[in-house]
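Shown next: data_14.tsv, containing TSV, C-alpha atoms.
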```tsv
chain	number	residue	atom	x	y	z
L	98	PHE	CA	44.64	12.39	4.15
L	99	CYS	CA	46.04	8.90	4.63
L	100	GLY	CA	43.25	6.33	4.86
L	101	VAL	CA	40.49	8.77	3.82
L	102	SER	CA	38.22	7.59	1.01
L	103	PHE	CA	37.42	9.98	-1.81
L	104	ALA	CA	34.86	7.64	-3.42
L	105	PHE	CA	32.09	10.20	-2.93
L	106	MET	CA	33.15	13.81	-3.24
L	107	ARG	CA	29.99	15.30	-4.78
L	108	ALA	CA	28.57	18.32	-2.98
L	109	TYR	CA	25.15	17.91	-1.40
L	110	ASP	CA	22.22	19.18	-3.44
L	111	VAL	CA	20.02	19.87	-0.41
L	112	LEU	CA	21.11	21.47	2.87
L	113	ASN	CA	18.05	23.47	3.94
L	114	PRO	CA	15.08	21.67	5.60
L	115	GLN	CA	12.83	24.29	3.99
L	116	ASN	CA	13.87	23.13	0.53
L	117	ARG	CA	10.87	23.03	-1.81
L	118	ILE	CA	11.34	19.38	-2.74
L	119	LEU	CA	11.77	18.30	0.89
L	120	LYS	CA	8.56	20.12	1.81
L	121	HIS	CA	6.79	18.38	-1.07
L	122	LEU	CA	8.03	14.98	0.13
L	123	THR	CA	7.01	15.75	3.71
L	124	ALA	CA	3.50	16.64	2.58
L	125	LEU	CA	3.27	13.42	0.56
L	126	ARG	CA	4.37	11.46	3.62
L	127	HIS	CA	1.68	12.90	5.89
L	128	ARG	CA	-1.32	14.01	3.83
L	129	LYS	CA	-3.58	11.71	1.82
L	130	ARG	CA	-5.38	14.60	0.10
L	131	TYR	CA	-2.06	16.02	-1.09
L	132	ARG	CA	-1.06	12.59	-2.46
L	133	THR	CA	-4.34	12.40	-4.36
L	134	GLU	CA	-4.01	15.93	-5.73
L	135	CYS	CA	-0.42	15.39	-6.87
L	136	GLY	CA	-0.86	11.82	-8.09
L	137	GLN	CA	2.28	10.87	-6.18
L	138	PHE	CA	3.17	9.04	-2.97
L	139	PHE	CA	6.09	8.87	-0.55
L	140	LEU	CA	8.56	5.99	-0.35
L	141	GLN	CA	10.93	5.40	2.55
L	142	GLY	CA	13.98	3.16	2.59
L	143	HIS	CA	16.33	2.16	-0.20
L	144	ARG	CA	15.10	-1.44	-0.19
L	145	ILE	CA	11.46	-0.40	-0.63
L	146	ILE	CA	12.39	2.13	-3.31
L	147	GLN	CA	14.29	-0.58	-5.17
L	148	LYS	CA	11.27	-2.93	-5.01
L	149	ALA	CA	8.83	-0.17	-5.98
L	150	SER	CA	10.89	0.71	-9.05
L	151	SER	CA	9.71	-2.53	-10.67
L	152	HIS	CA	6.11	-1.25	-10.63
L	153	VAL	CA	6.11	2.55	-10.66
L	154	LYS	CA	7.87	5.56	-12.14
L	155	LEU	CA	10.23	7.09	-9.57
L	156	THR	CA	10.07	10.87	-9.55
L	157	VAL	CA	12.55	11.89	-6.85
L	158	VAL	CA	15.04	9.97	-4.70
L	159	VAL	CA	17.04	11.58	-1.89
L	160	SER	CA	20.03	9.81	-0.33
L	161	PRO	CA	23.28	10.78	1.41
L	162	THR	CA	25.43	8.84	-1.07
L	163	PRO	CA	24.92	7.25	-4.49
L	164	THR	CA	22.63	4.22	-4.39
L	165	THR	CA	22.22	1.24	-6.65
L	166	LYS	CA	21.40	2.58	-10.09
L	167	LEU	CA	17.75	3.58	-10.30
L	168	GLN	CA	15.61	4.91	-13.11
L	169	VAL	CA	14.53	8.18	-11.50
L	170	ASP	CA	13.74	11.65	-12.82
L	171	GLN	CA	15.75	13.44	-10.13
L	172	HIS	CA	18.30	12.00	-7.68
L	173	LEU	CA	19.38	14.44	-4.97
L	174	TYR	CA	22.03	14.10	-2.27
L	175	ALA	CA	21.50	15.36	1.27
L	176	PRO	CA	23.24	14.90	4.66
L	177	LYS	CA	21.91	11.98	6.67
L	178	ALA	CA	21.22	14.24	9.64
L	179	LEU	CA	18.93	16.36	7.49
L	180	MET	CA	17.19	13.29	6.11
L	181	ASP	CA	16.61	11.95	9.63
L	182	ARG	CA	15.11	15.31	10.55
L	183	VAL	CA	12.73	15.23	7.57
L	184	VAL	CA	11.31	11.81	8.50
L	185	ASP	CA	11.58	12.47	12.26
L	186	GLN	CA	13.42	9.22	12.86
L	187	THR	CA	16.84	7.66	12.36
L	188	LEU	CA	17.04	5.96	8.99
L	189	SER	CA	18.60	2.50	9.19
L	190	PRO	CA	22.22	2.20	8.01
L	191	GLY	CA	22.32	0.98	4.43
L	192	ASP	CA	18.66	1.88	3.92
L	193	GLU	CA	19.08	5.65	3.96
L	194	ALA	CA	16.88	6.94	1.18
L	195	PHE	CA	13.45	8.35	0.57
L	196	GLY	CA	11.59	9.78	-2.37
L	197	CYS	CA	8.36	9.75	-4.29
L	198	ALA	CA	6.75	8.06	-7.26
L	199	ALA	CA	3.69	8.41	-9.43
L	200	ILE	CA	0.59	6.61	-8.15
L	201	PRO	CA	0.19	3.62	-10.48
L	202	GLU	CA	-2.84	2.94	-12.61
L	203	ALA	CA	-2.98	-0.85	-12.89
L	204	GLN	CA	-5.69	-1.96	-15.29
L	205	TRP	CA	-8.78	-3.37	-13.59
L	206	PRO	CA	-9.43	-6.97	-14.72
L	207	ARG	CA	-12.23	-7.34	-17.25
L	208	PHE	CA	-13.60	-10.50	-15.65
L	209	PRO	CA	-12.44	-10.66	-12.01
L	210	SER	CA	-13.10	-13.94	-10.20
L	211	ARG	CA	-11.18	-13.48	-6.94
L	212	LEU	CA	-11.48	-10.14	-5.16
L	213	VAL	CA	-10.43	-9.08	-1.68
L	214	ALA	CA	-12.15	-6.06	-0.10
L	215	LEU	CA	-10.74	-4.09	2.85
L	216	ASP	CA	-13.54	-2.72	5.04
L	217	GLY	CA	-12.39	-0.11	7.55
L	218	ILE	CA	-8.84	-1.50	7.90
L	219	ARG	CA	-7.24	1.42	9.71
L	220	PHE	CA	-3.70	0.23	10.40
L	221	PRO	CA	-1.18	0.50	7.55
L	222	ASP	CA	0.72	-2.62	8.64
L	223	ASN	CA	-2.46	-4.70	8.43
L	224	ALA	CA	-3.56	-3.23	5.11
L	225	GLY	CA	-0.13	-3.77	3.60
L	226	SER	CA	0.05	-7.36	4.86
L	227	ILE	CA	-3.40	-8.15	3.44
L	228	LEU	CA	-2.53	-6.67	0.04
L	229	ARG	CA	0.79	-8.52	-0.09
L	230	THR	CA	-0.96	-11.79	0.81
L	231	ALA	CA	-3.64	-11.19	-1.84
L	232	VAL	CA	-0.99	-10.75	-4.52
L	233	VAL	CA	0.90	-13.87	-3.44
L	234	MET	CA	-2.32	-15.93	-3.30
L	235	GLY	CA	-3.30	-14.97	-6.82
L	236	PHE	CA	-6.25	-12.66	-6.21
L	237	ASP	CA	-7.23	-10.60	-9.25
L	238	ALA	CA	-7.66	-7.24	-7.55
L	239	ALA	CA	-8.48	-5.43	-4.31
L	240	VAL	CA	-11.32	-3.11	-3.36
L	241	ILE	CA	-10.65	-0.36	-0.84
L	242	LEU	CA	-13.85	0.34	1.08
L	243	PRO	CA	-14.67	3.43	3.22
L	244	GLY	CA	-12.68	3.82	6.43
L	245	THR	CA	-9.65	1.92	5.13
L	246	VAL	CA	-6.20	3.47	5.32
L	247	ASP	CA	-4.78	4.87	2.10
L	248	PRO	CA	-3.05	2.04	0.16
L	249	TYR	CA	-0.41	4.62	-0.81
L	250	ASN	CA	0.41	5.57	2.77
L	251	TRP	CA	4.16	4.99	3.03
L	252	LYS	CA	3.70	2.54	5.91
L	253	THR	CA	1.20	0.51	3.87
L	254	VAL	CA	3.67	0.35	0.99
L	255	ALA	CA	6.45	-0.76	3.35
L	256	ALA	CA	4.26	-3.46	4.92
L	257	SER	CA	3.35	-4.86	1.51
L	258	GLU	CA	7.01	-4.82	0.44
L	259	ALA	CA	5.72	-2.62	-2.42
L	260	VAL	CA	4.27	-5.65	-4.23
L	261	HIS	CA	0.75	-4.22	-4.33
L	262	LEU	CA	1.96	-1.30	-6.47
L	263	GLY	CA	1.47	-3.51	-9.52
L	264	PHE	CA	-1.90	-4.79	-8.28
L	265	PRO	CA	-5.26	-3.41	-9.49
L	266	LEU	CA	-6.94	-1.38	-6.74
L	267	LYS	CA	-10.30	0.37	-6.71
L	268	CYS	CA	-11.79	2.63	-4.05
L	269	CYS	CA	-15.55	2.35	-3.85
L	270	ALA	CA	-18.57	2.18	-1.55
L	271	ALA	CA	-20.50	-0.90	-0.44
L	272	GLU	CA	-23.16	-0.47	-3.11
L	273	GLU	CA	-20.60	-0.55	-5.91
L	274	LEU	CA	-18.88	-3.63	-4.50
L	275	LEU	CA	-22.16	-5.53	-4.25
L	276	GLU	CA	-23.17	-4.40	-7.74
L	277	MET	CA	-19.80	-5.66	-8.96
L	278	CYS	CA	-20.53	-9.03	-7.38
L	279	ASP	CA	-23.87	-9.21	-9.21
L	280	ARG	CA	-22.39	-8.14	-12.53
L	281	HIS	CA	-19.53	-10.63	-12.44
L	282	ARG	CA	-21.53	-13.36	-10.68
L	283	LEU	CA	-19.27	-13.39	-7.62
L	284	LEU	CA	-20.30	-14.92	-4.31
L	285	PRO	CA	-19.94	-12.20	-1.63
L	286	LEU	CA	-18.13	-13.52	1.44
L	287	VAL	CA	-17.25	-11.84	4.73
L	288	ALA	CA	-14.66	-13.04	7.23
L	289	HIS	CA	-16.27	-13.62	10.62
L	290	THR	CA	-15.48	-15.70	13.71
L	291	ASP	CA	-18.97	-17.25	13.57
L	292	GLY	CA	-18.73	-18.20	9.91
L	293	ILE	CA	-18.42	-21.60	8.31
L	294	SER	CA	-14.92	-22.88	7.65
L	295	VAL	CA	-13.43	-22.13	4.26
L	296	GLU	CA	-12.95	-25.86	3.76
L	297	SER	CA	-16.71	-26.39	4.07
L	298	LEU	CA	-17.63	-23.60	1.67
L	299	ARG	CA	-19.16	-24.63	-1.64
L	300	VAL	CA	-19.40	-21.99	-4.34
L	301	PRO	CA	-22.71	-22.40	-6.24
L	302	PRO	CA	-22.24	-23.47	-9.86
L	303	GLU	CA	-23.88	-20.30	-11.15
L	304	LYS	CA	-21.15	-18.19	-9.52
L	305	GLU	CA	-17.92	-17.37	-11.37
L	306	GLY	CA	-15.88	-16.64	-8.25
L	307	PHE	CA	-16.03	-14.72	-4.99
L	308	ALA	CA	-15.33	-11.41	-3.27
L	309	LEU	CA	-13.99	-11.67	0.29
L	310	VAL	CA	-14.61	-8.76	2.68
L	311	LEU	CA	-12.18	-8.35	5.58
L	312	GLY	CA	-13.46	-6.09	8.34
L	313	SER	CA	-12.09	-3.56	10.77
L	314	GLU	CA	-9.54	-4.59	13.39
L	315	ALA	CA	-11.58	-2.92	16.12
L	316	SER	CA	-15.22	-3.57	15.25
L	317	GLY	CA	-15.23	-6.27	12.60
L	318	PRO	CA	-17.12	-6.07	9.30
L	319	SER	CA	-19.77	-3.45	8.65
L	320	GLN	CA	-23.35	-4.59	9.18
L	321	GLU	CA	-24.22	-4.06	5.53
L	322	TYR	CA	-21.85	-6.89	4.58
L	323	LEU	CA	-22.96	-9.15	7.43
L	324	ASP	CA	-26.52	-8.78	6.15
L	325	VAL	CA	-25.86	-9.97	2.60
L	326	CYS	CA	-22.56	-11.90	2.55
L	327	THR	CA	-21.90	-15.52	3.41
L	328	ARG	CA	-19.88	-15.60	6.62
L	329	VAL	CA	-16.67	-17.62	6.50
L	330	LYS	CA	-14.09	-18.33	9.16
L	331	LEU	CA	-10.55	-18.06	7.89
L	332	PRO	CA	-7.94	-20.62	9.02
L	333	MET	CA	-5.71	-19.39	11.83
L	334	ALA	CA	-7.83	-16.27	12.17
L	335	ASP	CA	-9.54	-16.36	15.55
L	336	LEU	CA	-9.71	-12.60	15.69
L	337	VAL	CA	-9.23	-12.34	19.42
L	338	ASN	CA	-9.58	-8.86	20.95
L	339	SER	CA	-7.87	-6.80	18.30
L	340	LEU	CA	-9.41	-8.74	15.39
L	341	ASN	CA	-6.01	-8.62	13.77
L	342	VAL	CA	-7.02	-9.42	10.19
L	343	SER	CA	-3.48	-9.61	8.85
```

Represent the structure of the file as structure tokens.
Amino acid sequence: FCGVSFAFMRAYDVLNPQNRILKHLTALRHRKRYRTECGQFFLQGHRIIQKASSHVKLTVVVSPTPTTKLQVDQHLYAPKALMDRVVDQTLSPGDEAFGCAAIPEAQWPRFPSRLVALDGIRFPDNAGSILRTAVVMGFDAAVILPGTVDPYNWKTVAASEAVHLGFPLKCCAAEELLEMCDRHRLLPLVAHTDGISVESLRVPPEKEGFALVLGSEASGPSQEYLDVCTRVKLPMADLVNSLNVS
């Protein structure tokens, strides 16, 4: 036994891929409806789990060895090979963990003045990048419009570095967004290549702020927003071909 470390001698809690908790985590990873029904979402990677723990209640964490101390209801240990099989990929060394957490319920601001709205953003990386940027830039909240990827898709959470988990989000239709703009006296804006530059934009004095709609990567904003919103061109955002909004 010379040279062998006995730092971690605990027996694994999970060895069977058909384990009930692993099946629950797999369903959370792949199915939006299941996430909604359970009120939980999947997290992948120790670094993301660590960041998420600042905003949400961790329910389960699975790892091959003990991780940095986390406040979690249930911490299970499983072989790395089994964990790789569950997520159908090789987890990065040092980042070998996954789990789930309760979907947060951040309080919607009473008087929002800076909203960002995601209209048909289908790619998790783009949605996560937009939400992370909105948090960093001091937006009050985000509206998730029809056709947009689930903000609690694990890839969206990873792309946002989990920062949007403490950010107020609301899923609604176009009518509710526009009614919200009227109620809070927000100027509705839509990002468009033919719009005026942001630098040239002047918010009317009767408006208390704005709501910025960012459209689909493939087809741009929905016509219903183009019809009623002021078109603005964002700096460094010539949305060539893919209209990559992020």

* Asked: If you measure from CA of Ile200 in chain L to CA of Pro161 in chain L, what distance in Å do you get, rounded to one decimal?
  -> 25.0 Å

* To do: Check the smallest atom-to-atom distance from each of L:Asp324, L:Asp247, L:Asp181, L:Glu273 to Thr133 in chain L using only C-alpha atoms, then report the winner.
  => L:Asp247

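Proximity to Leu125 in chain L was assessed for L:Lys166, L:Gln186, L:Trp251, L:Ser226 counting only C-alpha atoms; the smallest distance is recorded for L:Trp251.
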
* Using only C-alpha atoms, which residues sit within 9 Å of Thr253 in chain L once same-chain residues fewer than 3 positions away are excluded, as a VMD selection string? -> chain L and resid 220 to 226 228 246 to 250 256 to 259

The selected residues should be written to file as a compact mmCIF listing (two decimals), keeping the file's coordinate frame (atoms: C-alpha atoms).
```txt
# COMPACT_ATOMS: atom_id res chain seq x y z
CA PHE L 220 -3.70 0.23 10.40
CA PRO L 221 -1.18 0.50 7.55
CA ASP L 222 0.72 -2.62 8.64
CA ASN L 223 -2.46 -4.70 8.43
CA ALA L 224 -3.56 -3.23 5.11
CA GLY L 225 -0.13 -3.77 3.60
CA SER L 226 0.05 -7.36 4.86
CA LEU L 228 -2.53 -6.67 0.04
CA VAL L 246 -6.20 3.47 5.32
CA ASP L 247 -4.78 4.87 2.10
CA PRO L 248 -3.05 2.04 0.16
CA TYR L 249 -0.41 4.62 -0.81
CA ASN L 250 0.41 5.57 2.77
CA ALA L 256 4.26 -3.46 4.92
CA SER L 257 3.35 -4.86 1.51
CA GLU L 258 7.01 -4.82 0.44
CA ALA L 259 5.72 -2.62 -2.42
```

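Distance-wise, CA of Asp279 in chain L and CA of Pro201 in chain L end up 27.3 Å apart.
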
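Neighbourhood of point (13.7, 21.9, 4.0): residues with an atom at most 12 Å away, counting all atoms listed in the file, are L:Asp110, L:Val111, L:Leu112, L:Asn113, L:Pro114, L:Gln115, L:Asn116, L:Arg117, L:Ile118, L:Leu119, L:Lys120, L:His121, L:Leu122, L:Thr123, L:Ala124, L:Ala175, L:Pro176, L:Leu179, L:Met180, L:Asp181, L:Arg182, L:Val183, L:Val184.
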
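Residue nearest Arg219 in chain L within the list L:Val159, L:Cys278, L:Pro301, L:Glu314: L:Glu314 [criterion: smallest interatomic distance, all atoms listed in the file].
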
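Residue neighbourhood of Arg144 in chain L, excluding near-sequence residues (fewer than 5 positions): Ala149, Ser150, Ser151, Thr164, Thr165, Leu167, Leu188, Ser189, Pro190, Gly191, Asp192, Glu193, Ala194, Phe195, Gly196, Val254, Ala255, Glu258 and Ala259 of chain L, at 12 Å, using all atoms listed in the file.
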
* For each of L:Asp291, L:Glu296, L:Asp185, L:Asp216, take the minimum atom-to-atom distance to Gly312 in chain L, counting only C-alpha atoms, then give the residue where this is smallest. => L:Asp216

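Proximity of L:Pro265, L:Gly235, L:Gly244, L:Pro209 to Glu305 in chain L, computed with only C-alpha atoms, is greatest for L:Pro209.
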
* Nearest to Glu321 in chain L by atom-to-atom distance, counting all atoms listed in the file, from L:Ala203, L:Val169, L:Leu286, L:Leu155 -> L:Leu286

* Asked: Can you list, as a ChimeraX atom specification, every protein, DNA or RNA residue that comes within 6 Å of range 211-213 of chain L when you count only C-alpha atoms, leaving out same-chain residues fewer than 2 positions away?
  -> /L:209,236-239,306-309

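Note that the spacing between CA of Phe139 in chain L and CA of Lys252 in chain L amounts to 9.4 Å.
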